[in-house]
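Structure file model.cif with mmCIF, C-alpha atoms:
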```cif
data_upload
loop_
_atom_site.label_atom_id
_atom_site.label_comp_id
_atom_site.auth_asym_id
_atom_site.auth_seq_id
_atom_site.Cartn_x
_atom_site.Cartn_y
_atom_site.Cartn_z
CA MET S 74 -13.90 34.00 4.67
CA ASN S 75 -17.15 32.92 3.09
CA LEU S 76 -20.52 33.87 4.49
CA ASN S 77 -22.34 30.73 5.69
CA GLU S 78 -25.51 31.84 7.41
CA ILE S 79 -27.61 34.77 8.57
CA ARG S 80 -30.23 33.84 11.13
CA TYR S 81 -32.88 35.70 13.06
CA ASN S 82 -34.22 34.09 16.23
CA ILE S 83 -37.49 35.08 17.86
CA VAL S 84 -38.04 33.69 21.36
CA PHE S 85 -41.59 33.97 22.66
CA GLU S 86 -43.74 32.87 25.58
CA TYR S 87 -44.32 29.11 25.74
CA THR S 88 -47.21 28.20 23.45
CA LYS S 89 -48.20 24.60 24.11
CA ASP S 90 -50.62 24.24 21.19
CA ILE S 91 -48.38 25.81 18.53
CA ARG S 92 -48.89 22.79 16.26
CA ARG S 93 -52.55 23.70 15.72
CA TYR S 94 -51.38 26.77 13.80
CA ALA S 95 -49.02 24.80 11.52
CA TYR S 96 -51.37 24.48 8.53
CA ASP S 97 -52.35 28.15 8.59
CA MET S 98 -48.69 29.08 8.94
CA GLU S 99 -47.83 27.01 5.85
CA GLU S 100 -50.56 28.77 3.86
CA PHE S 101 -49.33 32.15 5.05
CA LEU S 102 -45.73 31.36 4.07
CA LYS S 103 -46.95 30.27 0.63
CA SER S 104 -48.67 33.63 0.25
CA ILE S 105 -45.35 35.45 0.78
CA ASP S 106 -43.39 32.94 -1.34
CA LEU S 107 -41.43 31.44 1.55
CA CYS S 108 -42.87 27.92 1.59
CA GLY S 109 -40.94 25.19 -0.20
CA GLU S 110 -40.40 21.72 1.22
CA VAL S 111 -42.04 20.86 4.54
CA VAL S 112 -39.55 18.76 6.50
CA PRO S 113 -41.34 16.04 8.55
CA SER S 114 -41.26 16.87 12.24
CA PRO S 115 -41.22 14.16 14.92
CA PRO S 116 -44.75 13.36 16.18
CA VAL S 117 -44.02 14.30 19.78
CA PRO S 118 -46.76 15.16 22.30
CA ASP S 119 -47.31 18.83 23.17
CA GLU S 120 -46.03 18.10 26.68
CA ILE S 121 -42.58 17.06 25.42
CA GLU S 122 -39.49 19.29 25.06
CA PRO S 123 -40.65 22.73 23.81
CA THR S 124 -37.48 23.33 21.72
CA ILE S 125 -38.26 20.44 19.34
CA PRO S 126 -39.39 21.80 15.94
CA ARG S 127 -43.14 21.58 15.35
CA LEU S 128 -42.87 23.02 11.85
CA ASN S 129 -39.79 23.05 9.61
CA ILE S 130 -39.87 24.55 6.13
CA ILE S 131 -37.04 24.81 3.59
CA LYS S 132 -36.99 26.73 0.34
CA GLN S 133 -34.04 26.61 -2.07
CA LEU S 134 -33.33 29.57 -4.32
CA ASN S 135 -30.20 30.64 -6.24
CA GLY S 136 -27.68 28.76 -4.12
CA ARG S 137 -29.40 29.79 -0.92
CA ILE S 138 -31.46 27.75 1.50
CA TYR S 139 -34.21 29.63 3.31
CA SER S 140 -35.07 27.80 6.51
CA ILE S 141 -37.95 28.51 8.87
CA VAL S 142 -38.19 26.45 12.05
CA ILE S 143 -40.96 26.90 14.61
CA SER S 144 -41.08 25.32 18.06
CA GLN S 145 -43.27 25.99 21.11
CA ILE S 146 -40.94 28.79 22.23
CA SER S 147 -39.11 30.10 19.16
CA ILE S 148 -39.07 30.93 15.47
CA SER S 149 -35.81 30.73 13.54
CA ILE S 150 -35.57 32.33 10.08
CA ALA S 151 -32.27 31.61 8.33
CA ILE S 152 -30.54 32.15 5.01
CA GLN S 153 -27.83 29.55 4.42
CA TYR S 154 -25.33 29.95 1.57
CA GLN S 155 -24.17 26.85 -0.29
CA GLY S 156 -21.50 26.69 -2.96
CA ILE S 157 -21.39 30.45 -3.54
CA ASN S 158 -18.81 33.01 -2.48
CA ILE S 159 -20.48 36.07 -1.07
CA ASN S 160 -19.28 38.98 1.03
CA LEU S 161 -21.08 40.50 3.97
CA ASN S 162 -20.78 43.92 2.34
CA ASP S 163 -22.78 42.73 -0.70
CA ILE S 164 -25.99 41.61 0.98
CA ASP S 165 -27.68 44.84 2.05
CA ASN S 166 -30.72 44.13 -0.13
CA GLU S 167 -30.90 40.56 1.18
CA ILE S 168 -30.77 41.80 4.75
CA LYS S 169 -33.56 44.25 3.98
CA LEU S 170 -35.68 41.42 2.58
CA LEU S 171 -34.92 39.23 5.61
CA LYS S 172 -36.11 42.01 7.91
CA GLU S 173 -39.31 42.46 5.91
CA ASN S 174 -40.06 38.72 6.02
CA CYS S 175 -39.30 38.54 9.74
CA ASN S 176 -41.74 41.39 10.37
CA LYS S 177 -44.43 39.68 8.28
CA ILE S 178 -44.04 36.45 10.23
CA LYS S 179 -44.06 38.24 13.58
CA ASN S 180 -47.12 40.29 12.72
CA TYR S 181 -48.91 37.15 11.54
CA CYS S 182 -48.13 35.34 14.80
CA ILE S 183 -49.21 38.31 16.90
CA SER S 184 -52.52 38.49 15.05
CA LYS S 185 -53.28 34.74 14.93
CA ILE S 186 -51.76 33.07 18.01
CA ASN S 187 -53.46 33.58 21.33
CA ASN S 188 -51.34 35.51 23.86
CA PHE S 189 -48.32 35.56 21.54
CA ARG S 190 -45.61 37.69 23.15
CA ILE S 191 -41.97 38.10 22.15
CA ASN S 192 -39.49 37.74 24.99
CA PHE S 193 -36.32 38.59 23.05
CA GLU S 194 -34.76 38.35 19.60
CA GLY S 195 -31.30 37.76 18.17
CA LEU S 196 -29.48 38.32 14.88
CA ILE S 197 -26.69 35.86 14.08
CA ILE S 198 -24.07 35.85 11.32
CA VAL S 199 -21.68 32.96 10.66
CA SER S 200 -18.69 32.91 8.31
CA SER S 201 -16.04 30.22 7.74
CA LYS S 202 -13.06 29.09 5.70
CA ILE S 203 -10.72 26.10 5.65
CA PHE S 204 -7.03 26.93 6.03
CA ILE S 205 -4.40 24.37 5.08
CA ASN S 206 -1.61 26.09 7.01
CA PRO S 207 -2.32 27.25 10.58
CA GLN S 208 0.12 30.16 10.20
CA ASP S 209 -2.27 31.67 7.63
CA ILE S 210 -5.01 31.99 10.27
CA LYS S 211 -5.02 35.60 11.46
CA ILE S 212 -8.05 35.78 13.77
CA LEU S 213 -6.74 33.07 16.13
CA LYS S 214 -3.41 31.69 17.20
CA VAL S 215 -3.42 28.10 15.95
CA LEU S 216 -0.55 25.61 16.16
CA LYS S 217 -0.09 22.44 14.12
CA THR S 218 -0.62 20.45 17.30
CA ASN S 219 -3.99 22.09 18.01
CA ASP S 220 -7.02 19.94 17.23
CA GLU S 221 -9.33 22.73 18.33
CA VAL S 222 -8.97 26.37 19.37
CA ARG S 223 -11.91 28.41 20.61
CA ASP S 224 -12.31 31.98 21.84
CA ARG S 225 -15.73 33.24 23.02
CA ILE S 226 -16.72 36.48 24.71
CA GLY S 227 -20.02 38.16 25.56
CA THR S 228 -20.18 41.96 25.97
CA GLU S 229 -23.02 44.20 27.11
CA VAL S 230 -23.58 46.76 24.35
CA ASN S 231 -26.04 48.73 26.48
CA SER S 232 -28.66 48.03 29.14
CA ASN S 233 -30.77 46.05 26.66
CA THR S 234 -28.46 44.16 24.31
CA ILE S 235 -25.52 41.82 24.45
CA LEU S 236 -22.96 40.97 21.76
CA ILE S 237 -21.61 37.41 21.62
CA GLU S 238 -18.48 36.77 19.54
CA GLU S 239 -16.87 33.40 18.99
CA LYS S 240 -13.84 32.42 16.92
CA SER S 241 -12.99 28.76 16.49
CA ALA S 242 -10.66 26.54 14.51
CA LEU S 243 -11.18 22.80 14.23
CA LYS S 244 -9.09 20.21 12.42
CA THR S 245 -11.16 18.85 9.54
CA TYR S 246 -10.72 15.58 7.68
CA LYS S 247 -12.03 13.91 4.54
CA LEU S 248 -14.76 11.43 5.37
CA ILE S 249 -12.98 8.32 4.12
CA SER S 250 -14.07 5.26 6.04
CA ARG S 251 -15.74 1.91 5.56
CA THR S 252 -17.77 2.28 8.71
CA ILE S 253 -21.18 3.95 8.79
CA ASN S 254 -20.62 5.06 12.38
CA PRO S 255 -19.10 8.59 12.37
CA ILE S 256 -17.72 8.03 15.88
CA LEU S 257 -15.48 5.25 14.54
CA ILE S 258 -14.09 7.17 11.56
CA LYS S 259 -10.29 7.25 11.67
CA ASN S 260 -8.87 10.75 11.30
CA LYS S 261 -5.46 10.21 9.70
CA ASP S 262 -2.93 12.86 8.75
CA GLU S 263 -3.18 11.96 5.05
CA ASN S 264 -6.92 12.77 5.19
CA LEU S 265 -6.45 16.19 6.80
CA LEU S 266 -8.17 19.00 4.89
CA GLY S 267 -6.97 21.70 7.26
CA TRP S 268 -8.47 23.82 9.99
CA ASN S 269 -12.07 24.92 9.58
CA VAL S 270 -12.10 28.46 10.97
CA VAL S 271 -15.53 29.77 11.98
CA LEU S 272 -16.42 33.33 12.91
CA PHE S 273 -19.73 33.55 14.82
CA LYS S 274 -21.36 36.75 16.01
CA GLU S 275 -24.73 37.31 17.65
CA ILE S 276 -26.47 40.35 19.04
CA ASN S 277 -29.64 39.92 21.09
CA ASN S 278 -31.79 41.85 23.52
CA ARG S 279 -31.98 39.18 26.22
CA LEU S 280 -30.91 41.84 28.75
CA GLU S 281 -34.07 43.82 28.02
CA TYR S 282 -36.15 40.72 28.77
CA ASN S 283 -34.14 40.03 31.92
CA ASN S 284 -34.59 43.57 33.22
CA GLU S 285 -38.25 43.99 32.28
CA VAL S 286 -40.37 43.91 35.45
CA SER S 287 -43.77 42.97 33.99
CA ASN S 288 -42.68 41.30 30.71
CA SER S 289 -45.94 42.61 29.25
CA LYS S 290 -44.62 43.96 25.94
CA ASN S 291 -43.04 42.53 22.80
CA ASN S 292 -39.30 43.00 23.21
CA GLU S 293 -38.27 43.46 19.58
CA LEU S 294 -34.65 43.96 18.54
CA ASP S 295 -33.58 46.97 16.47
CA PHE S 296 -32.76 45.05 13.28
CA GLU S 297 -30.86 47.74 11.35
CA ALA S 298 -28.74 48.86 14.29
CA SER S 299 -27.90 45.26 15.15
CA PHE S 300 -26.81 44.44 11.60
CA LEU S 301 -24.58 47.52 11.48
CA ILE S 302 -22.86 46.46 14.71
CA LEU S 303 -22.29 42.91 13.47
CA LYS S 304 -21.07 44.12 10.08
CA GLU S 305 -18.59 46.49 11.72
CA LYS S 306 -17.29 43.73 14.01
CA PHE S 307 -16.89 41.29 11.11
CA ASN S 308 -15.03 43.80 8.96
CA LYS S 309 -12.72 44.62 11.87
CA ASP S 310 -11.86 40.95 12.42
CA LEU S 311 -11.29 40.28 8.74
CA SER S 312 -9.31 43.44 7.95
#
```
Please render this file's structure as structure tokens.
Amino acid sequence: MNLNEIRYNIVFEYTKDIRRYAYDMEEFLKSIDLCGEVVPSPPVPDEIEPTIPRLNIIKQLNGRIYSIVISQISISIAIQYQGININLNDIDNEIKLLKENCNKIKNYCISKINNFRINFEGLIIVSSKIFINPQDIKILKVLKTNDEVRDRIGTEVNSNTILIEEKSALKTYKLISRTINPILIKNKDENLLGWNVVLFKEINNRLEYNNEVSNSKNNELDFEASFLILKEKFNKDLS
């Protein structure tokens, strides 16, 4: 299966005026060579839905898309792989760089944003592959009559962290249609590409945030330990 995305999520205390820091954040990201295209964000009032992105930056490099999305409650830093075959065992240096950049962004926010406090963090890895024959799918039991198969489980690793694992298979078709409305596209057997099988794994320290009495500290995830756990779980599923 091909690696699709590695993402690090930082969830922090609601910061209503996060947009006021957008320009300075852009300049900071330029200084660490992480600022490419600024994707226009919807001009929503500060009082509206805190999960809506207030700053969205994309940088393309060597078949990878680096994406940084900031809302009033979260920062998402992602590496998305496009058109390249890469194995999870071959990205140790990339993971190291991702950790360094995450730390730079966190330290910047802590130093510049009033009352910035991290509630919890999560590391996510996503891998996928299209299978023409369902009998070739080993991580799930998929029948020809199945349009979708999904298996999801969350497990407490310890008193602070939880591991979420999801395996899914979805029938996928070529987008051949005269209509511009995707809801009205006709999925015919002759257009079937196969089953898109996705392996999703996340480890986060939401439990630490839940169990913290005062919530007065920055609850930061152990990056290296989390990656090792996810890597081991992926290799086990794909062996």
**Request:** Starting from the shown file, work through the PyMOL selection byres ((chain S and resi 80) around 10) and note down what comes out as a list in words.
**Result:**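 Listing what the PyMOL selection byres ((chain S and resi 80) around 10) selects in the shown file: Glu78, Ile79, Tyr81, Asn82, Ile83, Tyr139, Ser140, Ile141, Ser149, Ile150, Ala151, Ile152, Gln153, Leu171, Gly195, Leu196, Ile197, Ile198, Val199 and Glu275 of chain S.
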**Asked** With distances taken over all atoms listed in the file, which of S:Asp119, S:Asp224, S:Glu194, S:Glu167 is nearest to Glu293 (chain S)?
**Response**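 Of S:Asp119, S:Asp224, S:Glu194, S:Glu167, the one nearest Glu293 (chain S), counting all atoms listed in the file, is S:Glu194.
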**Request:** Just say which residues the PyMOL selection byres ((chain S and resi 116) around 12) picks in this file, as a list in words.
**Result:** Arg92, Pro113, Ser114, Pro115, Val117, Pro118, Asp119, Glu120, Ile121, Glu122, Ile125, Pro126, Arg127 and Leu128 of chain S
Mind dumping the selected residues with C-alpha atoms as a PDB file, in the coordinates of the input?
```
ATOM      1  CA  ARG S  92     -48.890  22.790  16.260  1.00  0.00           C
ATOM      2  CA  PRO S 113     -41.340  16.040   8.550  1.00  0.00           C
ATOM      3  CA  SER S 114     -41.260  16.870  12.240  1.00  0.00           C
ATOM      4  CA  PRO S 115     -41.220  14.160  14.920  1.00  0.00           C
ATOM      5  CA  VAL S 117     -44.020  14.300  19.780  1.00  0.00           C
ATOM      6  CA  PRO S 118     -46.760  15.160  22.300  1.00  0.00           C
ATOM      7  CA  ASP S 119     -47.310  18.830  23.170  1.00  0.00           C
ATOM      8  CA  GLU S 120     -46.030  18.100  26.680  1.00  0.00           C
ATOM      9  CA  ILE S 121     -42.580  17.060  25.420  1.00  0.00           C
ATOM     10  CA  GLU S 122     -39.490  19.290  25.060  1.00  0.00           C
ATOM     11  CA  ILE S 125     -38.260  20.440  19.340  1.00  0.00           C
ATOM     12  CA  PRO S 126     -39.390  21.800  15.940  1.00  0.00           C
ATOM     13  CA  ARG S 127     -43.140  21.580  15.350  1.00  0.00           C
ATOM     14  CA  LEU S 128     -42.870  23.020  11.850  1.00  0.00           C
TER      15      LEU S 128
END
```
**Request:** Fewer than 4 positions away in the same chain doesn't count, so skip those; otherwise give me all residues within 12 Å of Leu161 (chain S), counting only C-alpha atoms, as a VMD selection string.
**Result:** chain S and resid 74 to 79 154 165 to 168 198 to 200 300 to 301 303 to 308 311
**Item:** Distance criterion (only C-alpha atoms): nearest to Val222 (chain S) out of S:Phe189, S:Val271, S:Ile276, S:Lys177
**Value:**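 Ranked by minimum distance to Val222 (chain S), first place goes to S:Val271.
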**Atom pair CA of Ile164 (chain S) / CA of Ile235 (chain S): separation (Å)** =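 Atom-to-atom, CA of Ile164 (chain S) to CA of Ile235 (chain S), that is 23.5 Å.
Relative to CA of Asn288 (chain S), CA of Asn192 (chain S) is found at 7.5 Å.
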Sorted per-residue table, region 126-199 of chain S near region 108-112 of chain S, closest atoms and distance, 6 Å, only C-alpha atoms, as CSV:
```
residue,atom,partner,partner_atom,distance
S:Asn129,CA,S:Val112,CA,5.3
S:Ile130,CA,S:Val111,CA,4.6
S:Ile131,CA,S:Glu110,CA,5.1
S:Lys132,CA,S:Gly109,CA,4.3
```
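Proximity ranking of S:Asn174, S:Ser232, S:Lys202, S:Ile138 relative to Asn283 (chain S) places S:Ser232 first, based on all atoms listed in the file.
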**Request:** Work out how far CA of Arg279 (chain S) is from CA of Ala242 (chain S), in Å to one decimal.
**Result:** 27.4 Å
**Asked** Hey, what's within 12 Å of region 218-221 of chain S if we count only C-alpha atoms and toss same-chain stuff fewer than 4 positions away? As a ChimeraX atom specification, please?
**Response** /S:206-208,213-214,240-246,260,262,265,267-271
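Nearest to Ile105 (chain S) of all the residues S:Ile226, S:Leu236, S:Ile205, S:Cys175 is S:Cys175, based on only C-alpha atoms.
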**Item:** S:Asn158, S:Lys247, S:Glu297, S:Glu86 ranked by distance to Lys261 (chain S), top pick (using all atoms listed in the file)
**Value:**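 Checking each of S:Asn158, S:Lys247, S:Glu297, S:Glu86 against Lys261 (chain S), counting all atoms listed in the file, the winner is S:Lys247.
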Would you mind completing region 186-197 of chain S so that it carries N, CA and C atoms, and writing it out as a compact mmCIF listing (two decimals), in the frame of the given file?
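Written file, rebuild-v9.txt:
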```
# COMPACT_ATOMS: atom_id res chain seq x y z
N ILE S 186 -52.02 33.98 16.89
CA ILE S 186 -51.76 33.07 18.01
C ILE S 186 -52.15 33.73 19.31
N ASN S 187 -52.98 33.04 20.06
CA ASN S 187 -53.46 33.58 21.33
C ASN S 187 -52.31 33.89 22.28
N ASN S 188 -52.32 35.09 22.84
CA ASN S 188 -51.34 35.51 23.86
C ASN S 188 -49.89 35.41 23.38
N PHE S 189 -49.68 35.59 22.07
CA PHE S 189 -48.32 35.56 21.54
C PHE S 189 -47.56 36.80 22.01
N ARG S 190 -46.42 36.57 22.66
CA ARG S 190 -45.61 37.69 23.15
C ARG S 190 -44.13 37.36 22.99
N ILE S 191 -43.41 38.29 22.40
CA ILE S 191 -41.97 38.10 22.15
C ILE S 191 -41.18 38.44 23.41
N ASN S 192 -40.35 37.50 23.84
CA ASN S 192 -39.49 37.74 24.99
C ASN S 192 -38.20 38.45 24.58
N PHE S 193 -37.53 37.93 23.57
CA PHE S 193 -36.32 38.59 23.05
C PHE S 193 -36.01 38.04 21.68
N GLU S 194 -35.12 38.74 20.96
CA GLU S 194 -34.76 38.35 19.60
C GLU S 194 -33.24 38.42 19.43
N GLY S 195 -32.74 37.73 18.42
CA GLY S 195 -31.30 37.76 18.17
C GLY S 195 -30.98 37.65 16.70
N LEU S 196 -29.97 38.39 16.25
CA LEU S 196 -29.48 38.32 14.88
C LEU S 196 -28.11 37.68 14.91
N ILE S 197 -27.92 36.65 14.07
CA ILE S 197 -26.69 35.86 14.08
C ILE S 197 -26.10 35.83 12.68
```
